[in-house]
$ cat protein.txt   # compact mmCIF, C-alpha atoms
# COMPACT_ATOMS: atom_id res chain seq x y z
CA MET A 1 87.71 -71.81 30.05
CA ARG A 2 84.98 -74.06 28.80
CA THR A 3 82.61 -72.80 31.51
CA PHE A 4 83.19 -69.17 30.48
CA ARG A 5 82.47 -69.94 26.86
CA ASN A 6 79.22 -71.69 27.77
CA ARG A 7 78.10 -68.72 29.83
CA THR A 8 78.92 -66.38 26.99
CA THR A 9 76.96 -68.51 24.55
CA VAL A 10 73.96 -68.67 26.86
CA LEU A 11 74.08 -64.89 27.45
CA ALA A 12 74.22 -64.20 23.71
CA ALA A 13 71.27 -66.48 23.09
CA ALA A 14 69.28 -64.81 25.83
CA THR A 15 70.07 -61.37 24.43
CA THR A 16 68.98 -62.44 20.97
CA ALA A 17 65.71 -63.81 22.33
CA ALA A 18 65.01 -60.65 24.30
CA LEU A 19 65.64 -58.50 21.24
CA ALA A 20 63.29 -60.64 19.20
CA LEU A 21 60.57 -60.30 21.84
CA THR A 22 61.06 -56.52 21.93
CA LEU A 23 60.67 -56.20 18.17
CA THR A 24 57.58 -58.35 18.23
CA ALA A 25 56.05 -56.20 20.98
CA CYS A 26 56.73 -53.02 19.00
CA GLY A 27 55.10 -54.45 15.90
CA ASP A 28 52.03 -56.08 17.46
CA ASN A 29 51.72 -54.36 20.85
CA GLY A 30 52.20 -57.72 22.30
CA THR A 31 48.64 -58.67 21.42
CA GLY A 32 48.89 -59.30 17.73
CA THR A 33 47.41 -55.83 17.03
CA ARG A 34 49.36 -53.17 15.15
CA SER A 35 50.34 -50.08 17.07
CA GLU A 36 48.49 -46.81 16.43
CA GLY A 37 51.58 -45.19 15.02
CA SER A 38 51.93 -48.00 12.51
CA ALA A 39 48.21 -47.84 11.57
CA ALA A 40 48.31 -44.06 11.16
CA SER A 41 51.36 -44.39 8.99
CA ASP A 42 49.64 -47.00 6.83
CA SER A 43 46.48 -44.83 6.53
CA ALA A 44 48.50 -41.84 5.49
CA THR A 45 50.20 -43.98 2.91
CA VAL A 46 46.83 -45.21 1.52
CA ALA A 47 45.39 -41.71 1.41
CA ALA A 48 48.39 -40.38 -0.42
CA THR A 49 48.57 -43.25 -2.89
CA SER A 50 44.86 -43.93 -3.50
CA PRO A 51 43.13 -41.49 -6.01
CA LYS A 52 39.76 -43.00 -5.09
CA ALA A 53 40.21 -42.05 -1.47
CA ALA A 54 41.18 -38.52 -2.48
CA ASP A 55 38.11 -38.26 -4.72
CA GLU A 56 35.83 -39.46 -1.92
CA THR A 57 37.30 -36.85 0.39
CA ALA A 58 36.75 -34.13 -2.22
CA GLU A 59 33.16 -35.27 -2.78
CA THR A 60 32.48 -35.12 0.93
CA GLY A 61 33.77 -31.54 0.99
CA THR A 62 31.55 -30.63 -2.00
CA THR A 63 28.48 -32.07 -0.33
CA GLY A 64 29.09 -29.92 2.71
CA SER A 65 29.36 -26.89 0.48
CA THR A 66 26.10 -27.81 -1.31
CA ASP A 67 24.24 -28.17 1.98
CA SER A 68 25.45 -24.77 2.99
CA GLY A 69 24.37 -23.54 -0.41
CA SER A 70 20.93 -24.95 0.30
CA GLY A 71 20.60 -22.54 3.15
CA SER A 72 21.66 -19.82 0.75
CA GLY A 73 19.10 -21.15 -1.71
CA THR A 74 16.39 -20.54 0.83
CA GLY A 75 17.56 -16.97 1.14
CA THR A 76 17.40 -16.64 -2.63
CA ALA A 77 13.85 -17.98 -2.67
CA GLN A 78 12.83 -15.39 -0.13
CA ALA A 79 14.46 -12.67 -2.20
CA ALA A 80 12.58 -13.94 -5.23
CA GLY A 81 9.40 -13.75 -3.23
CA ALA A 82 10.19 -10.18 -2.36
CA THR A 83 10.76 -9.45 -6.03
CA LYS A 84 7.44 -11.02 -6.90
CA SER A 85 5.77 -8.97 -4.23
CA ALA A 86 7.36 -5.86 -5.68
CA GLY A 87 6.20 -7.02 -9.07
CA GLY A 88 2.75 -7.35 -7.58
CA SER A 89 3.03 -3.67 -6.81
CA GLY A 90 3.96 -3.48 -10.43
CA ASP A 91 0.87 -5.42 -11.05
CA SER A 92 -0.47 -3.02 -8.72
CA GLY A 93 0.84 -1.71 -11.72
CA GLY A 94 -2.72 -2.17 -11.20
CA SER A 95 -1.44 1.09 -9.97
CA GLY A 96 0.10 -0.02 -13.11
CA GLY A 97 -3.58 -0.30 -13.66
CA THR A 98 -3.74 3.37 -12.77
CA SER A 99 -0.81 4.05 -15.07
CA ALA A 100 -2.58 2.12 -17.79
CA LYS A 101 -5.67 4.24 -17.24
CA ALA A 102 -3.62 7.41 -17.30
CA ALA A 103 -2.41 6.30 -20.72
CA ALA A 104 -6.01 6.29 -22.08
CA PRO A 105 -6.57 8.34 -25.26
CA LEU A 106 -7.67 11.93 -24.78
CA CYS A 107 -11.37 12.73 -24.93
CA THR A 108 -12.57 14.76 -27.93
CA ALA A 109 -15.59 16.97 -28.42
CA LYS A 110 -16.80 14.51 -31.03
CA GLY A 111 -16.99 11.74 -28.43
CA LEU A 112 -18.66 13.86 -25.72
CA GLN A 113 -22.10 15.26 -25.08
CA ILE A 114 -21.56 18.62 -23.34
CA THR A 115 -24.51 20.29 -21.63
CA ALA A 116 -25.03 23.15 -19.13
CA GLU A 117 -27.34 23.55 -16.15
CA ARG A 118 -27.86 26.54 -13.94
CA GLN A 119 -27.13 26.11 -10.27
CA ASP A 120 -29.58 27.27 -7.57
CA GLY A 121 -30.83 30.86 -7.77
CA PRO A 122 -31.91 33.50 -8.34
CA PRO A 123 -29.63 35.19 -8.70
CA TYR A 124 -28.10 32.65 -11.06
CA THR A 125 -24.39 33.09 -10.66
CA HIS A 126 -23.07 29.62 -11.48
CA LEU A 127 -23.33 26.93 -14.13
CA THR A 128 -22.48 23.24 -14.04
CA LEU A 129 -21.05 21.86 -17.26
CA SER A 130 -21.40 18.13 -17.86
CA ALA A 131 -19.40 16.17 -20.44
CA LYS A 132 -20.70 12.64 -21.00
CA ASN A 133 -18.48 10.10 -22.73
CA THR A 134 -20.45 8.80 -25.72
CA SER A 135 -17.44 7.43 -27.63
CA GLY A 136 -17.79 3.82 -26.46
CA ALA A 137 -14.21 3.74 -25.11
CA GLY A 138 -12.42 5.12 -22.08
CA CYS A 139 -10.71 8.50 -22.45
CA GLU A 140 -8.95 11.13 -20.38
CA MET A 141 -10.25 14.64 -19.74
CA LYS A 142 -7.39 17.12 -19.52
CA GLU A 143 -7.24 20.36 -17.57
CA TYR A 144 -10.24 22.72 -17.83
CA PRO A 145 -12.69 23.77 -20.56
CA HIS A 146 -11.71 26.75 -22.67
CA ILE A 147 -14.98 28.68 -22.53
CA HIS A 148 -15.82 31.65 -24.73
CA PHE A 149 -18.99 33.30 -23.46
CA LEU A 150 -18.51 36.34 -25.66
CA ASP A 151 -16.34 37.10 -28.67
CA ASN A 152 -12.80 35.81 -28.77
CA ALA A 153 -11.41 39.24 -28.05
CA ARG A 154 -12.79 38.94 -24.50
CA GLY A 155 -10.62 35.89 -23.90
CA ILE A 156 -11.46 32.59 -22.23
CA VAL A 157 -12.88 32.13 -18.75
CA PRO A 158 -9.81 31.73 -16.43
CA PRO A 159 -9.35 28.56 -14.32
CA VAL A 160 -9.33 28.33 -10.52
CA ALA A 161 -6.15 26.55 -9.39
CA LYS A 162 -7.61 24.94 -6.24
CA SER A 163 -10.06 23.00 -8.41
CA LYS A 164 -7.29 21.07 -10.19
CA PRO A 165 -7.55 17.32 -9.38
CA GLN A 166 -4.53 15.38 -8.14
CA THR A 167 -5.06 12.34 -10.38
CA PRO A 168 -5.95 11.90 -14.08
CA VAL A 169 -9.65 12.16 -14.88
CA ILE A 170 -10.56 9.02 -16.82
CA LEU A 171 -14.07 8.63 -18.24
CA GLU A 172 -15.39 5.17 -18.97
CA PRO A 173 -18.13 4.88 -21.62
CA GLY A 174 -21.29 6.55 -20.33
CA GLN A 175 -19.46 8.31 -17.47
CA SER A 176 -19.48 12.12 -17.11
CA ALA A 177 -17.01 14.79 -16.05
CA TYR A 178 -18.16 18.03 -14.43
CA VAL A 179 -17.02 21.62 -14.14
CA ALA A 180 -18.31 24.45 -11.95
CA VAL A 181 -18.41 27.81 -13.75
CA ARG A 182 -19.00 31.21 -12.17
CA MET A 183 -20.73 33.63 -14.55
CA SER A 184 -21.12 36.67 -12.27
CA GLU A 185 -21.59 37.72 -8.67
CA GLY A 186 -25.31 38.36 -9.07
CA GLY A 187 -25.27 41.99 -7.99
CA ARG A 188 -28.06 44.25 -9.21
CA LYS A 189 -25.69 47.00 -10.26
CA GLU A 190 -23.22 44.59 -11.76
CA ASN A 191 -22.32 45.12 -15.39
CA THR A 192 -23.36 41.94 -17.18
CA GLU A 193 -24.01 40.82 -20.71
CA THR A 194 -26.51 38.22 -21.92
CA VAL A 195 -25.52 35.15 -23.95
CA LYS A 196 -27.76 32.42 -25.34
CA GLU A 197 -25.01 30.06 -26.39
CA PHE A 198 -21.28 29.73 -25.89
CA THR A 199 -18.42 27.52 -26.98
CA VAL A 200 -16.39 24.93 -25.08
CA THR A 201 -13.03 23.95 -26.57
CA LEU A 202 -10.98 20.96 -25.43
CA LYS A 203 -7.85 22.84 -26.36
CA ALA A 204 -5.53 20.92 -24.01
CA ASN A 205 -6.72 17.73 -25.69
CA GLY A 206 -6.54 19.12 -29.19
CA GLY A 207 -10.01 17.64 -29.23
CA GLY A 208 -12.13 20.22 -31.00
CA MET A 209 -14.97 22.50 -29.94
CA ALA A 210 -18.63 22.14 -28.93
CA VAL A 211 -21.38 24.76 -29.00
CA VAL A 212 -23.46 24.75 -25.82
CA LYS A 213 -26.96 26.22 -25.59
CA SER A 214 -28.08 28.32 -22.64
CA PRO A 215 -30.19 26.27 -20.19
CA ALA A 216 -32.41 29.35 -19.73
CA PRO A 217 -34.57 30.68 -22.62
CA GLU A 218 -33.79 34.25 -21.62
CA GLY A 219 -30.07 33.59 -21.76
CA LEU A 220 -27.28 33.81 -19.20
CA SER A 221 -25.93 36.95 -17.54
CA VAL A 222 -22.13 36.97 -17.57
CA ASN A 223 -19.58 39.43 -16.21
CA PRO A 224 -16.07 39.26 -17.79
CA GLN A 225 -14.63 40.76 -14.61
CA LYS A 226 -15.96 37.99 -12.35
CA TRP A 227 -16.26 34.81 -14.38
CA ALA A 228 -14.12 31.73 -13.58
CA THR A 229 -14.09 28.00 -14.25
CA GLY A 230 -12.96 24.90 -12.43
CA TYR A 231 -11.09 21.87 -13.82
CA TRP A 232 -12.76 18.75 -15.13
CA THR A 233 -13.52 16.26 -12.34
CA THR A 234 -15.66 13.14 -12.03
CA GLU A 235 -17.77 14.83 -9.35
CA LEU A 236 -18.18 18.30 -7.94
CA ARG A 237 -16.36 18.64 -4.62
CA ASN A 238 -17.22 20.89 -1.73
CA GLY A 239 -14.46 23.41 -1.15
CA ALA A 240 -12.37 22.74 -4.24
CA ASP A 241 -15.19 23.71 -6.59
CA ASP A 242 -16.75 26.44 -4.47
CA PHE A 243 -15.67 29.82 -5.83
$ encode --input "protein.txt" --output "structure tokens"
Amino acid sequence: MRTFRNRTTVLAAATTAALALTLTACGDNGTGTRSEGSAASDSATVAATSPKAADETAETGTTGSTDSGSGSGTGTAQAAGATKSAGGSGDSGGSGGTSAKAAAPLCTAKGLQITAERQDGPPYTHLTLSAKNTSGAGCEMKEYPHIHFLDNARGIVPPVAKSKPQTPVILEPGQSAYVAVRMSEGGRKENTETVKEFTVTLKANGGGMAVVKSPAPEGLSVNPQKWATGYWTTELRNGADDF
């Protein structure tokens, strides 16, 4: 009986020792180092209970977003460059410059010196009108001259559509605009009348009227059935002003 009790006591002690060793191994991996499961559990606990750690995590996420935004910022800079380039076209509002020129005040008879010259002949069938800007400032010449060779009842000399320029005619100080004018066809049996002066009205400009003297002492032969005028241009153009 005593022997049995001793064996039982020894067995119980051995079991207790084995259990203690097992618990120690689970806690330290047998090497004094905590197991991964235990470390992960501790980390999770720290992350959940430490506001500072949460803030650091949030800041890291924000930084990533900012870096990504930097790439977006580059795209924005390029778009801004494109806008500037478009604005340059606005500066090309230097075409804007053209628009600015188109907005020049209208020329008036008072600020112009209008003269006439016969074109090659005989027979003298055409005139060239010149209008020099003497106003000291840029101005715009509109449409065509309203010419009265004879009395008002005969009407004005009609314009030729193909002579109309595509862009505004702007005269800088000292610059001239020109118009080709057909007076007749030059036929011997043509019914013409002689004029020694005529009027040019800038009616489209509301700019008044000028009296122009004949460039020939004997006067000019005009035919109301054949006369025609071009539009004001900065130079006479082959084709557009040939009529």
$ closest_atom_pairs --input "protein.txt" --of "segment 158-214 of chain A" --to "segment 128-149 of chain A" --cutoff "6 Å" --atoms "all atoms listed in the file" --output "CSV"
residue,atom,partner,partner_atom,distance
A:Val169,CA,A:Met141,CA,5.5
A:Ile170,CA,A:Glu140,CA,4.4
A:Leu171,CA,A:Cys139,CA,5.4
A:Glu172,CA,A:Gly138,CA,4.3
A:Pro173,CA,A:Gly136,CA,5.0
A:Gly174,CA,A:Asn133,CA,5.1
A:Gln175,CA,A:Asn133,CA,5.6
A:Ser176,CA,A:Lys132,CA,4.1
A:Ala177,CA,A:Ala131,CA,5.2
A:Tyr178,CA,A:Ser130,CA,4.7
A:Val179,CA,A:Leu129,CA,5.1
A:Ala180,CA,A:Thr128,CA,4.8
A:Phe198,CA,A:Phe149,CA,4.9
A:Thr199,CA,A:His148,CA,5.4
A:Val200,CA,A:Ile147,CA,4.7
A:Thr201,CA,A:His146,CA,5.0
A:Leu202,CA,A:Pro145,CA,5.9
$ residues_around --input "protein.txt" --residues "Arg118 of chain A" --least-positions-apart "3" --cutoff "8 Å" --atoms "only C-alpha atoms" --output "ChimeraX atom specification"
/A:124,126-128,215-216
$ atom_distance --input "protein.txt" --atom1 "atom CA of Ala153 of chain A" --atom2 "atom CA of Thr233 of chain A"
27.9 Å
$ residues_around --input "protein.txt" --residues "Met183 of chain A" --least-positions-apart "4" --cutoff "7 Å" --atoms "only C-alpha atoms" --output "list in words"
Thr125, His126, Ser221, Val222, Asn223, Lys226, Trp227 and Ala228 of chain A
$ atom_distance --input "protein.txt" --atom1 "atom CA of Tyr231 of chain A" --atom2 "atom CA of Arg188 of chain A"
28.5 Å
$ atom_distance --input "protein.txt" --atom1 "atom CA of Thr194 of chain A" --atom2 "atom CA of Gly208 of chain A"
24.8 Å
$ closest_residue --input "protein.txt" --among "A:Leu220, A:Met209, A:Ile114, A:Ala109" --to "Glu197 of chain A" --atoms "all atoms listed in the file"
A:Leu220
$ closest_residue --input "protein.txt" --among "A:Ser214, A:Thr229, A:Gln113, A:Gln119" --to "Ala161 of chain A" --atoms "all atoms listed in the file"
A:Thr229
